[in-house]
Amino acid sequence: MKQILRRMDFTSLRLFVVICQENSIARAAEREFIAASAVSRRLAELETLVGLPLVQRHTRGVSLTPAGAMVLRHAQQILAGVEAMSAELSRVYAGVNGHVRVVANPSAIVQFLPEDISAFQRLYPEVDIDLEEQHSQDVLRLVRDRDADFGVCNRIAGMDDLEWQPYRRDRLAVVLPASHPKADAQRLRLADIVDETFVGMREPSALTHMLAVRADALERKLSVKFRVGSLDVLCRMAHVGLGIAIVPQKVAELYIKALDLVLRPLDEPWAQREICVVYPREEQLSATAAALARFLGQGR
């Protein structure tokens, strides 16, 4: 087996398949524009490697042995896989130039996308990428309306008509001023803070909607005193004591030292969120957009 893996080559497999298709070494040689002796030598080497005769030679051509039929079946699968790989690579090569418009929610932009897009551009410096920040619901709308090549947002309700692939996961955490009475707690559940004053994101933020739903399940309503448009402003509002906030943990980590904030994990199963790359249909993506979407999906 190790000998077969080391010495098997695609040219011999391809010539063997052509011999089987033509039922003749001579016709296979004519089809491939090489000498019949070279084709015969390749076949003999393949039989020696396998250790069994693969064809029976007749005056009118060749016929397969049982071992030859098995090798033919696997050779066709191997060559089909190589052709599929070549086709996919050609799409990637074609994606080295072009323009892609991406819409993404604030969580993805602040936490992950800058580094990932930078890594992609080091590989494909000729690709122009427009990145626009939108809330998750608007990301889905823009993708459906074909106003963006693809989107990056939290996995939320309403994605059934779109294709998606996993991108990253994030975790929600509670941000409090260092002087807050609950700042000493190591972990906090929503029930522990549901009666506090909050600062939150403007609608239609997926985070805002989810927190409202979870508060309803506790038969409470969040008291949101201020609503802002970005996660960094949310942290600044919490810093000056205008309320506490629930934000992605990696976002809060950018600001806790500079703003003297306390960060506590939100101890809820739903605090783990999945971020996805979404698009109408993969075959409708341009080669450039497909290359970037694949790159982001592999980064997880």
# chains A, B, ... in the order shown; residues from 1 in each chain; ligands from 1
>>> select_by_dssp(residues="range 58-235 of chain A", states="helix (DSSP H, G or I)", output="CSV table (one decimal) with N, CA and C atoms, in the first residue's frame")
chain,number,residue,atom,x,y,z
A,66,PRO,N,-11.0,-8.4,-13.4
A,66,PRO,CA,-11.6,-7.9,-12.2
A,66,PRO,C,-10.8,-6.8,-11.5
A,67,ALA,N,-9.5,-7.0,-11.4
A,67,ALA,CA,-8.7,-6.0,-10.7
A,67,ALA,C,-8.7,-4.7,-11.5
A,68,GLY,N,-8.7,-4.8,-12.8
A,68,GLY,CA,-8.7,-3.6,-13.7
A,68,GLY,C,-10.0,-2.8,-13.5
A,69,ALA,N,-11.1,-3.5,-13.4
A,69,ALA,CA,-12.4,-2.8,-13.2
A,69,ALA,C,-12.3,-2.1,-11.8
A,70,MET,N,-11.7,-2.6,-10.8
A,70,MET,CA,-11.7,-1.9,-9.5
A,70,MET,C,-10.8,-0.7,-9.6
A,71,VAL,N,-9.6,-0.9,-10.3
A,71,VAL,CA,-8.7,0.2,-10.4
A,71,VAL,C,-9.3,1.3,-11.3
A,72,LEU,N,-10.0,1.0,-12.3
A,72,LEU,CA,-10.7,1.9,-13.1
A,72,LEU,C,-11.7,2.8,-12.3
A,73,ARG,N,-12.5,2.1,-11.5
A,73,ARG,CA,-13.4,2.8,-10.7
A,73,ARG,C,-12.8,3.9,-9.8
A,74,HIS,N,-11.7,3.5,-9.1
A,74,HIS,CA,-11.0,4.4,-8.2
A,74,HIS,C,-10.2,5.5,-9.0
A,75,ALA,N,-9.7,5.1,-10.1
A,75,ALA,CA,-9.0,6.1,-10.9
A,75,ALA,C,-9.9,7.2,-11.4
A,76,GLN,N,-11.1,6.8,-11.8
A,76,GLN,CA,-12.1,7.8,-12.2
A,76,GLN,C,-12.4,8.8,-11.1
A,77,GLN,N,-12.6,8.2,-9.9
A,77,GLN,CA,-12.9,9.0,-8.7
A,77,GLN,C,-11.7,9.9,-8.4
A,78,ILE,N,-10.5,9.4,-8.4
A,78,ILE,CA,-9.3,10.2,-8.1
A,78,ILE,C,-9.2,11.4,-9.1
A,79,LEU,N,-9.3,11.1,-10.4
A,79,LEU,CA,-9.2,12.1,-11.4
A,79,LEU,C,-10.3,13.1,-11.4
A,80,ALA,N,-11.5,12.7,-11.0
A,80,ALA,CA,-12.6,13.6,-10.9
A,80,ALA,C,-12.3,14.6,-9.7
A,81,GLY,N,-11.8,14.0,-8.6
A,81,GLY,CA,-11.4,14.9,-7.5
A,81,GLY,C,-10.4,15.9,-7.8
A,82,VAL,N,-9.4,15.5,-8.6
A,82,VAL,CA,-8.3,16.4,-9.0
A,82,VAL,C,-8.9,17.5,-9.9
A,83,GLU,N,-9.8,17.1,-10.8
A,83,GLU,CA,-10.4,18.1,-11.7
A,83,GLU,C,-11.3,19.1,-10.9
A,84,ALA,N,-12.0,18.6,-9.9
A,84,ALA,CA,-12.8,19.5,-9.1
A,84,ALA,C,-11.9,20.5,-8.3
A,85,MET,N,-10.8,20.0,-7.8
A,85,MET,CA,-9.8,20.8,-7.1
A,85,MET,C,-9.3,21.9,-8.1
A,86,SER,N,-9.0,21.5,-9.3
A,86,SER,CA,-8.4,22.5,-10.3
A,86,SER,C,-9.5,23.5,-10.6
A,87,ALA,N,-10.8,23.1,-10.7
A,87,ALA,CA,-11.8,24.1,-11.0
A,87,ALA,C,-12.0,25.1,-9.8
A,88,GLU,N,-11.9,24.6,-8.6
A,88,GLU,CA,-12.0,25.5,-7.4
A,88,GLU,C,-10.8,26.4,-7.4
A,89,LEU,N,-9.6,25.9,-7.6
A,89,LEU,CA,-8.4,26.8,-7.6
A,89,LEU,C,-8.5,27.8,-8.7
A,90,SER,N,-9.1,27.5,-9.8
A,90,SER,CA,-9.1,28.5,-10.9
A,90,SER,C,-10.0,29.6,-10.5
A,91,ARG,N,-11.1,29.3,-9.7
A,91,ARG,CA,-12.0,30.4,-9.2
A,91,ARG,C,-11.2,31.3,-8.2
A,92,VAL,N,-10.3,30.7,-7.4
A,92,VAL,CA,-9.5,31.4,-6.4
A,92,VAL,C,-8.6,32.3,-7.2
A,93,TYR,N,-7.9,31.7,-8.2
A,93,TYR,CA,-6.9,32.5,-9.0
A,93,TYR,C,-7.6,33.7,-9.7
A,94,ALA,N,-8.9,33.4,-10.2
A,94,ALA,CA,-9.6,34.5,-10.8
A,94,ALA,C,-10.0,35.6,-9.8
A,106,PRO,N,-21.8,45.5,13.8
A,106,PRO,CA,-20.7,46.0,14.6
A,106,PRO,C,-19.9,45.0,15.3
A,107,SER,N,-20.5,43.9,15.8
A,107,SER,CA,-19.7,42.9,16.6
A,107,SER,C,-18.6,42.3,15.7
A,108,ALA,N,-19.0,42.0,14.5
A,108,ALA,CA,-18.0,41.4,13.5
A,108,ALA,C,-16.9,42.3,13.2
A,109,ILE,N,-17.3,43.6,12.9
A,109,ILE,CA,-16.3,44.6,12.5
A,109,ILE,C,-15.3,44.9,13.6
A,110,VAL,N,-15.8,45.1,14.8
A,110,VAL,CA,-14.9,45.5,15.9
A,110,VAL,C,-14.0,44.3,16.3
A,111,GLN,N,-14.6,43.1,16.4
A,111,GLN,CA,-13.8,42.0,16.9
A,111,GLN,C,-12.9,41.3,16.0
A,113,LEU,N,-13.2,41.3,11.8
A,113,LEU,CA,-13.0,41.5,10.4
A,113,LEU,C,-11.7,42.3,10.0
A,114,PRO,N,-11.3,43.3,10.8
A,114,PRO,CA,-10.1,44.1,10.4
A,114,PRO,C,-8.9,43.2,10.2
A,115,GLU,N,-8.6,42.3,11.1
A,115,GLU,CA,-7.5,41.5,11.0
A,115,GLU,C,-7.6,40.5,9.9
A,116,ASP,N,-8.8,39.9,9.7
A,116,ASP,CA,-9.0,38.9,8.7
A,116,ASP,C,-9.0,39.5,7.3
A,117,ILE,N,-9.5,40.7,7.1
A,117,ILE,CA,-9.5,41.4,5.8
A,117,ILE,C,-8.0,41.8,5.5
A,118,SER,N,-7.3,42.2,6.5
A,118,SER,CA,-5.9,42.6,6.3
A,118,SER,C,-5.1,41.3,5.9
A,119,ALA,N,-5.4,40.2,6.5
A,119,ALA,CA,-4.7,39.0,6.1
A,119,ALA,C,-5.0,38.6,4.6
A,120,PHE,N,-6.3,38.7,4.2
A,120,PHE,CA,-6.7,38.5,2.9
A,120,PHE,C,-6.0,39.4,1.9
A,121,GLN,N,-5.9,40.7,2.2
A,121,GLN,CA,-5.3,41.6,1.3
A,121,GLN,C,-3.8,41.4,1.2
A,122,ARG,N,-3.2,40.8,2.1
A,122,ARG,CA,-1.8,40.5,2.0
A,122,ARG,C,-1.6,39.4,0.9
A,123,LEU,N,-2.6,38.5,0.8
A,123,LEU,CA,-2.6,37.5,-0.3
A,123,LEU,C,-3.0,38.0,-1.6
A,136,SER,N,-27.6,43.6,12.2
A,136,SER,CA,-27.8,42.3,11.5
A,136,SER,C,-29.0,42.2,10.6
A,137,GLN,N,-30.1,42.8,11.1
A,137,GLN,CA,-31.3,42.7,10.2
A,137,GLN,C,-31.1,43.5,8.9
A,138,ASP,N,-30.4,44.6,9.0
A,138,ASP,CA,-30.1,45.3,7.7
A,138,ASP,C,-29.1,44.6,6.9
A,139,VAL,N,-28.2,43.9,7.5
A,139,VAL,CA,-27.2,43.1,6.7
A,139,VAL,C,-28.0,42.1,5.9
A,140,LEU,N,-29.0,41.4,6.5
A,140,LEU,CA,-29.8,40.4,5.7
A,140,LEU,C,-30.6,41.1,4.6
A,141,ARG,N,-31.1,42.2,4.9
A,141,ARG,CA,-31.9,42.9,3.9
A,141,ARG,C,-31.1,43.3,2.7
A,142,LEU,N,-29.9,43.9,2.9
A,142,LEU,CA,-29.0,44.3,1.9
A,142,LEU,C,-28.5,43.2,1.0
A,143,VAL,N,-28.3,42.0,1.7
A,143,VAL,CA,-27.8,40.8,0.9
A,143,VAL,C,-29.0,40.3,0.1
A,144,ARG,N,-30.2,40.3,0.6
A,144,ARG,CA,-31.3,39.8,-0.2
A,144,ARG,C,-31.6,40.7,-1.4
A,190,LEU,N,-28.4,37.4,33.9
A,190,LEU,CA,-29.3,38.5,33.5
A,190,LEU,C,-30.3,38.8,34.7
A,191,ALA,N,-30.7,37.7,35.4
A,191,ALA,CA,-31.6,38.0,36.5
A,191,ALA,C,-30.9,38.8,37.6
A,192,ASP,N,-29.6,38.8,37.7
A,192,ASP,CA,-28.9,39.6,38.7
A,192,ASP,C,-28.9,41.1,38.4
A,193,ILE,N,-29.1,41.4,37.1
A,193,ILE,CA,-28.9,42.8,36.7
A,193,ILE,C,-30.1,43.4,36.0
A,206,ALA,N,-29.5,43.3,16.7
A,206,ALA,CA,-29.8,41.9,17.1
A,206,ALA,C,-29.6,41.8,18.6
A,207,LEU,N,-28.6,42.4,19.2
A,207,LEU,CA,-28.3,42.3,20.6
A,207,LEU,C,-29.4,43.0,21.4
A,208,THR,N,-29.9,44.1,21.0
A,208,THR,CA,-31.0,44.8,21.7
A,208,THR,C,-32.2,43.9,21.7
A,209,HIS,N,-32.5,43.3,20.5
A,209,HIS,CA,-33.7,42.5,20.4
A,209,HIS,C,-33.6,41.3,21.3
A,210,MET,N,-32.4,40.6,21.3
A,210,MET,CA,-32.3,39.4,22.1
A,210,MET,C,-32.4,39.7,23.6
A,211,LEU,N,-31.8,40.8,24.1
A,211,LEU,CA,-31.9,41.2,25.5
A,211,LEU,C,-33.3,41.4,25.9
A,212,ALA,N,-34.1,42.1,25.0
A,212,ALA,CA,-35.5,42.4,25.4
A,212,ALA,C,-36.2,41.1,25.5
A,213,VAL,N,-36.0,40.1,24.6
A,213,VAL,CA,-36.7,38.8,24.6
A,213,VAL,C,-36.3,38.1,25.9
A,214,ARG,N,-35.0,38.1,26.3
A,214,ARG,CA,-34.6,37.4,27.5
A,214,ARG,C,-35.2,38.0,28.8
A,215,ALA,N,-35.3,39.4,28.8
A,215,ALA,CA,-35.9,40.0,29.9
A,215,ALA,C,-37.4,39.7,30.0
A,216,ASP,N,-38.1,39.6,28.9
A,216,ASP,CA,-39.5,39.2,28.9
A,216,ASP,C,-39.6,37.8,29.5
A,217,ALA,N,-38.7,36.9,29.2
A,217,ALA,CA,-38.8,35.6,29.8
A,217,ALA,C,-38.7,35.6,31.3
A,231,LEU,N,-20.6,50.4,19.6
A,231,LEU,CA,-20.2,49.7,20.8
A,231,LEU,C,-19.2,50.5,21.6
A,232,ASP,N,-18.3,51.2,20.9
A,232,ASP,CA,-17.3,52.0,21.7
A,232,ASP,C,-18.0,53.1,22.5
A,233,VAL,N,-19.0,53.7,21.9
A,233,VAL,CA,-19.8,54.8,22.7
A,233,VAL,C,-20.5,54.1,23.8
A,234,LEU,N,-21.0,52.9,23.6
A,234,LEU,CA,-21.7,52.2,24.7
A,234,LEU,C,-20.8,52.0,25.9
A,235,CYS,N,-19.6,51.6,25.6
A,235,CYS,CA,-18.6,51.5,26.7
A,235,CYS,C,-18.3,52.8,27.4
>>> residues_around(residues="range 165-169 of chain A", least_positions_apart="2", cutoff="6 Å", atoms="only C-alpha atoms", output="PyMOL selection string")
chain A and resi 273-277+297+300
>>> atom_distance(atom1="CA of Ala157 in chain A", atom2="CA of Leu254 in chain A")
29.1 Å
>>> residues_around(residues="range 175-183 of chain A", least_positions_apart="5", cutoff="6 Å", atoms="only C-alpha atoms", output="count of residues only")
6
>>> residues_around(residues="Arg27 in chain A", least_positions_apart="3", cutoff="12 Å", atoms="only C-alpha atoms", output="VMD selection string")
chain A and resid 15 18 to 24 30 to 37 39 to 40 60 to 62
>>> closest_residue(among="A:Gln56, A:Arg202, A:Gly229, A:Phe16", to="Arg41 in chain A", atoms="only C-alpha atoms")
A:Phe16
>>> closest_residue(among="A:Ala289, A:Gly98, A:Asp149, A:Ala173", to="Val251 in chain A", atoms="only C-alpha atoms")
A:Ala173
>>> closest_residue(among="A:Leu46, A:Val100, A:Glu133, A:Met8", to="Ala287 in chain A", atoms="only C-alpha atoms")
A:Val100
>>> closest_residue(among="A:Thr59, A:Val17, A:Asp260, A:Asp9", to="Glu45 in chain A", atoms="only C-alpha atoms")
A:Asp9
>>> select_by_dssp(residues="range 104-261 of chain A", states="strand (DSSP E)", output="PyMOL selection string")
chain A and resi 104+127-133+150-154+163-177+197-201+223-228+245-248+261
>>> decode(residues="range 18-52 of chain A", atoms="N, CA and C atoms", output="PDB file, in the first residue's frame")
ATOM      1  N   VAL A  18      -8.164   6.181 -20.274  1.00  0.00           N
ATOM      2  CA  VAL A  18      -8.352   6.353 -21.719  1.00  0.00           C
ATOM      3  C   VAL A  18      -8.292   5.001 -22.426  1.00  0.00           C
ATOM      4  N   ILE A  19      -7.373   4.119 -22.015  1.00  0.00           N
ATOM      5  CA  ILE A  19      -7.302   2.768 -22.588  1.00  0.00           C
ATOM      6  C   ILE A  19      -8.630   2.047 -22.403  1.00  0.00           C
ATOM      7  N   CYS A  20      -9.193   2.158 -21.195  1.00  0.00           N
ATOM      8  CA  CYS A  20     -10.475   1.505 -20.908  1.00  0.00           C
ATOM      9  C   CYS A  20     -11.607   2.103 -21.738  1.00  0.00           C
ATOM     10  N   GLN A  21     -11.572   3.421 -21.935  1.00  0.00           N
ATOM     11  CA  GLN A  21     -12.616   4.075 -22.724  1.00  0.00           C
ATOM     12  C   GLN A  21     -12.535   3.670 -24.192  1.00  0.00           C
ATOM     13  N   GLU A  22     -11.319   3.505 -24.706  1.00  0.00           N
ATOM     14  CA  GLU A  22     -11.120   3.163 -26.116  1.00  0.00           C
ATOM     15  C   GLU A  22     -11.062   1.660 -26.358  1.00  0.00           C
ATOM     16  N   ASN A  23     -10.886   0.879 -25.268  1.00  0.00           N
ATOM     17  CA  ASN A  23     -10.718  -0.580 -25.377  1.00  0.00           C
ATOM     18  C   ASN A  23      -9.560  -0.938 -26.298  1.00  0.00           C
ATOM     19  N   SER A  24      -8.561  -0.049 -26.318  1.00  0.00           N
ATOM     20  CA  SER A  24      -7.439  -0.278 -27.222  1.00  0.00           C
ATOM     21  C   SER A  24      -6.260   0.590 -26.809  1.00  0.00           C
ATOM     22  N   ILE A  25      -5.077   0.001 -26.758  1.00  0.00           N
ATOM     23  CA  ILE A  25      -3.869   0.772 -26.467  1.00  0.00           C
ATOM     24  C   ILE A  25      -3.544   1.682 -27.642  1.00  0.00           C
ATOM     25  N   ALA A  26      -3.687   1.170 -28.866  1.00  0.00           N
ATOM     26  CA  ALA A  26      -3.354   1.962 -30.051  1.00  0.00           C
ATOM     27  C   ALA A  26      -4.258   3.186 -30.170  1.00  0.00           C
ATOM     28  N   ARG A  27      -5.572   2.992 -29.988  1.00  0.00           N
ATOM     29  CA  ARG A  27      -6.493   4.136 -30.094  1.00  0.00           C
ATOM     30  C   ARG A  27      -6.284   5.123 -28.958  1.00  0.00           C
ATOM     31  N   ALA A  28      -5.927   4.623 -27.762  1.00  0.00           N
ATOM     32  CA  ALA A  28      -5.616   5.525 -26.650  1.00  0.00           C
ATOM     33  C   ALA A  28      -4.400   6.375 -26.976  1.00  0.00           C
ATOM     34  N   ALA A  29      -3.382   5.765 -27.612  1.00  0.00           N
ATOM     35  CA  ALA A  29      -2.185   6.510 -27.992  1.00  0.00           C
ATOM     36  C   ALA A  29      -2.516   7.587 -29.022  1.00  0.00           C
ATOM     37  N   GLU A  30      -3.362   7.251 -30.014  1.00  0.00           N
ATOM     38  CA  GLU A  30      -3.765   8.241 -31.015  1.00  0.00           C
ATOM     39  C   GLU A  30      -4.520   9.402 -30.368  1.00  0.00           C
ATOM     40  N   ARG A  31      -5.396   9.072 -29.456  1.00  0.00           N
ATOM     41  CA  ARG A  31      -6.200  10.114 -28.781  1.00  0.00           C
ATOM     42  C   ARG A  31      -5.327  11.042 -27.961  1.00  0.00           C
ATOM     43  N   GLU A  32      -4.271  10.512 -27.341  1.00  0.00           N
ATOM     44  CA  GLU A  32      -3.408  11.310 -26.472  1.00  0.00           C
ATOM     45  C   GLU A  32      -2.173  11.846 -27.203  1.00  0.00           C
ATOM     46  N   PHE A  33      -2.050  11.517 -28.517  1.00  0.00           N
ATOM     47  CA  PHE A  33      -0.946  12.021 -29.345  1.00  0.00           C
ATOM     48  C   PHE A  33       0.419  11.603 -28.795  1.00  0.00           C
ATOM     49  N   ILE A  34       0.517  10.356 -28.358  1.00  0.00           N
ATOM     50  CA  ILE A  34       1.800   9.805 -27.921  1.00  0.00           C
ATOM     51  C   ILE A  34       1.968   8.431 -28.545  1.00  0.00           C
ATOM     52  N   ALA A  35       3.166   7.894 -28.467  1.00  0.00           N
ATOM     53  CA  ALA A  35       3.459   6.594 -29.068  1.00  0.00           C
ATOM     54  C   ALA A  35       2.742   5.482 -28.320  1.00  0.00           C
ATOM     55  N   ALA A  36       2.300   4.484 -29.075  1.00  0.00           N
ATOM     56  CA  ALA A  36       1.625   3.335 -28.463  1.00  0.00           C
ATOM     57  C   ALA A  36       2.552   2.613 -27.496  1.00  0.00           C
ATOM     58  N   SER A  37       3.851   2.591 -27.814  1.00  0.00           N
ATOM     59  CA  SER A  37       4.804   1.921 -26.922  1.00  0.00           C
ATOM     60  C   SER A  37       4.874   2.616 -25.567  1.00  0.00           C
ATOM     61  N   ALA A  38       4.748   3.972 -25.566  1.00  0.00           N
ATOM     62  CA  ALA A  38       4.775   4.713 -24.303  1.00  0.00           C
ATOM     63  C   ALA A  38       3.535   4.407 -23.468  1.00  0.00           C
ATOM     64  N   VAL A  39       2.380   4.306 -24.133  1.00  0.00           N
ATOM     65  CA  VAL A  39       1.151   3.964 -23.414  1.00  0.00           C
ATOM     66  C   VAL A  39       1.262   2.547 -22.851  1.00  0.00           C
ATOM     67  N   SER A  40       1.782   1.613 -23.672  1.00  0.00           N
ATOM     68  CA  SER A  40       1.928   0.232 -23.219  1.00  0.00           C
ATOM     69  C   SER A  40       2.879   0.146 -22.030  1.00  0.00           C
ATOM     70  N   ARG A  41       3.953   0.950 -22.074  1.00  0.00           N
ATOM     71  CA  ARG A  41       4.908   0.935 -20.966  1.00  0.00           C
ATOM     72  C   ARG A  41       4.263   1.456 -19.687  1.00  0.00           C
ATOM     73  N   ARG A  42       3.479   2.537 -19.788  1.00  0.00           N
ATOM     74  CA  ARG A  42       2.769   3.079 -18.616  1.00  0.00           C
ATOM     75  C   ARG A  42       1.822   2.038 -18.028  1.00  0.00           C
ATOM     76  N   LEU A  43       1.111   1.328 -18.893  1.00  0.00           N
ATOM     77  CA  LEU A  43       0.180   0.297 -18.423  1.00  0.00           C
ATOM     78  C   LEU A  43       0.931  -0.818 -17.713  1.00  0.00           C
ATOM     79  N   ALA A  44       2.061  -1.233 -18.283  1.00  0.00           N
ATOM     80  CA  ALA A  44       2.853  -2.310 -17.668  1.00  0.00           C
ATOM     81  C   ALA A  44       3.384  -1.875 -16.305  1.00  0.00           C
ATOM     82  N   GLU A  45       3.833  -0.627 -16.202  1.00  0.00           N
ATOM     83  CA  GLU A  45       4.330  -0.119 -14.915  1.00  0.00           C
ATOM     84  C   GLU A  45       3.206  -0.094 -13.881  1.00  0.00           C
ATOM     85  N   LEU A  46       1.990   0.282 -14.304  1.00  0.00           N
ATOM     86  CA  LEU A  46       0.853   0.324 -13.386  1.00  0.00           C
ATOM     87  C   LEU A  46       0.507  -1.087 -12.919  1.00  0.00           C
ATOM     88  N   GLU A  47       0.552  -2.048 -13.815  1.00  0.00           N
ATOM     89  CA  GLU A  47       0.264  -3.433 -13.431  1.00  0.00           C
ATOM     90  C   GLU A  47       1.328  -3.965 -12.471  1.00  0.00           C
ATOM     91  N   THR A  48       2.575  -3.613 -12.719  1.00  0.00           N
ATOM     92  CA  THR A  48       3.645  -4.041 -11.804  1.00  0.00           C
ATOM     93  C   THR A  48       3.445  -3.435 -10.422  1.00  0.00           C
ATOM     94  N   LEU A  49       3.049  -2.162 -10.384  1.00  0.00           N
ATOM     95  CA  LEU A  49       2.834  -1.480  -9.113  1.00  0.00           C
ATOM     96  C   LEU A  49       1.677  -2.115  -8.346  1.00  0.00           C
ATOM     97  N   VAL A  50       0.593  -2.426  -9.053  1.00  0.00           N
ATOM     98  CA  VAL A  50      -0.579  -3.021  -8.408  1.00  0.00           C
ATOM     99  C   VAL A  50      -0.298  -4.476  -8.049  1.00  0.00           C
ATOM    100  N   GLY A  51       0.497  -5.146  -8.888  1.00  0.00           N
ATOM    101  CA  GLY A  51       0.808  -6.551  -8.629  1.00  0.00           C
ATOM    102  C   GLY A  51      -0.174  -7.518  -9.238  1.00  0.00           C
ATOM    103  N   LEU A  52      -1.050  -7.010 -10.116  1.00  0.00           N
ATOM    104  CA  LEU A  52      -2.052  -7.843 -10.770  1.00  0.00           C
ATOM    105  C   LEU A  52      -2.247  -7.358 -12.207  1.00  0.00           C
TER     106      LEU A  52
END
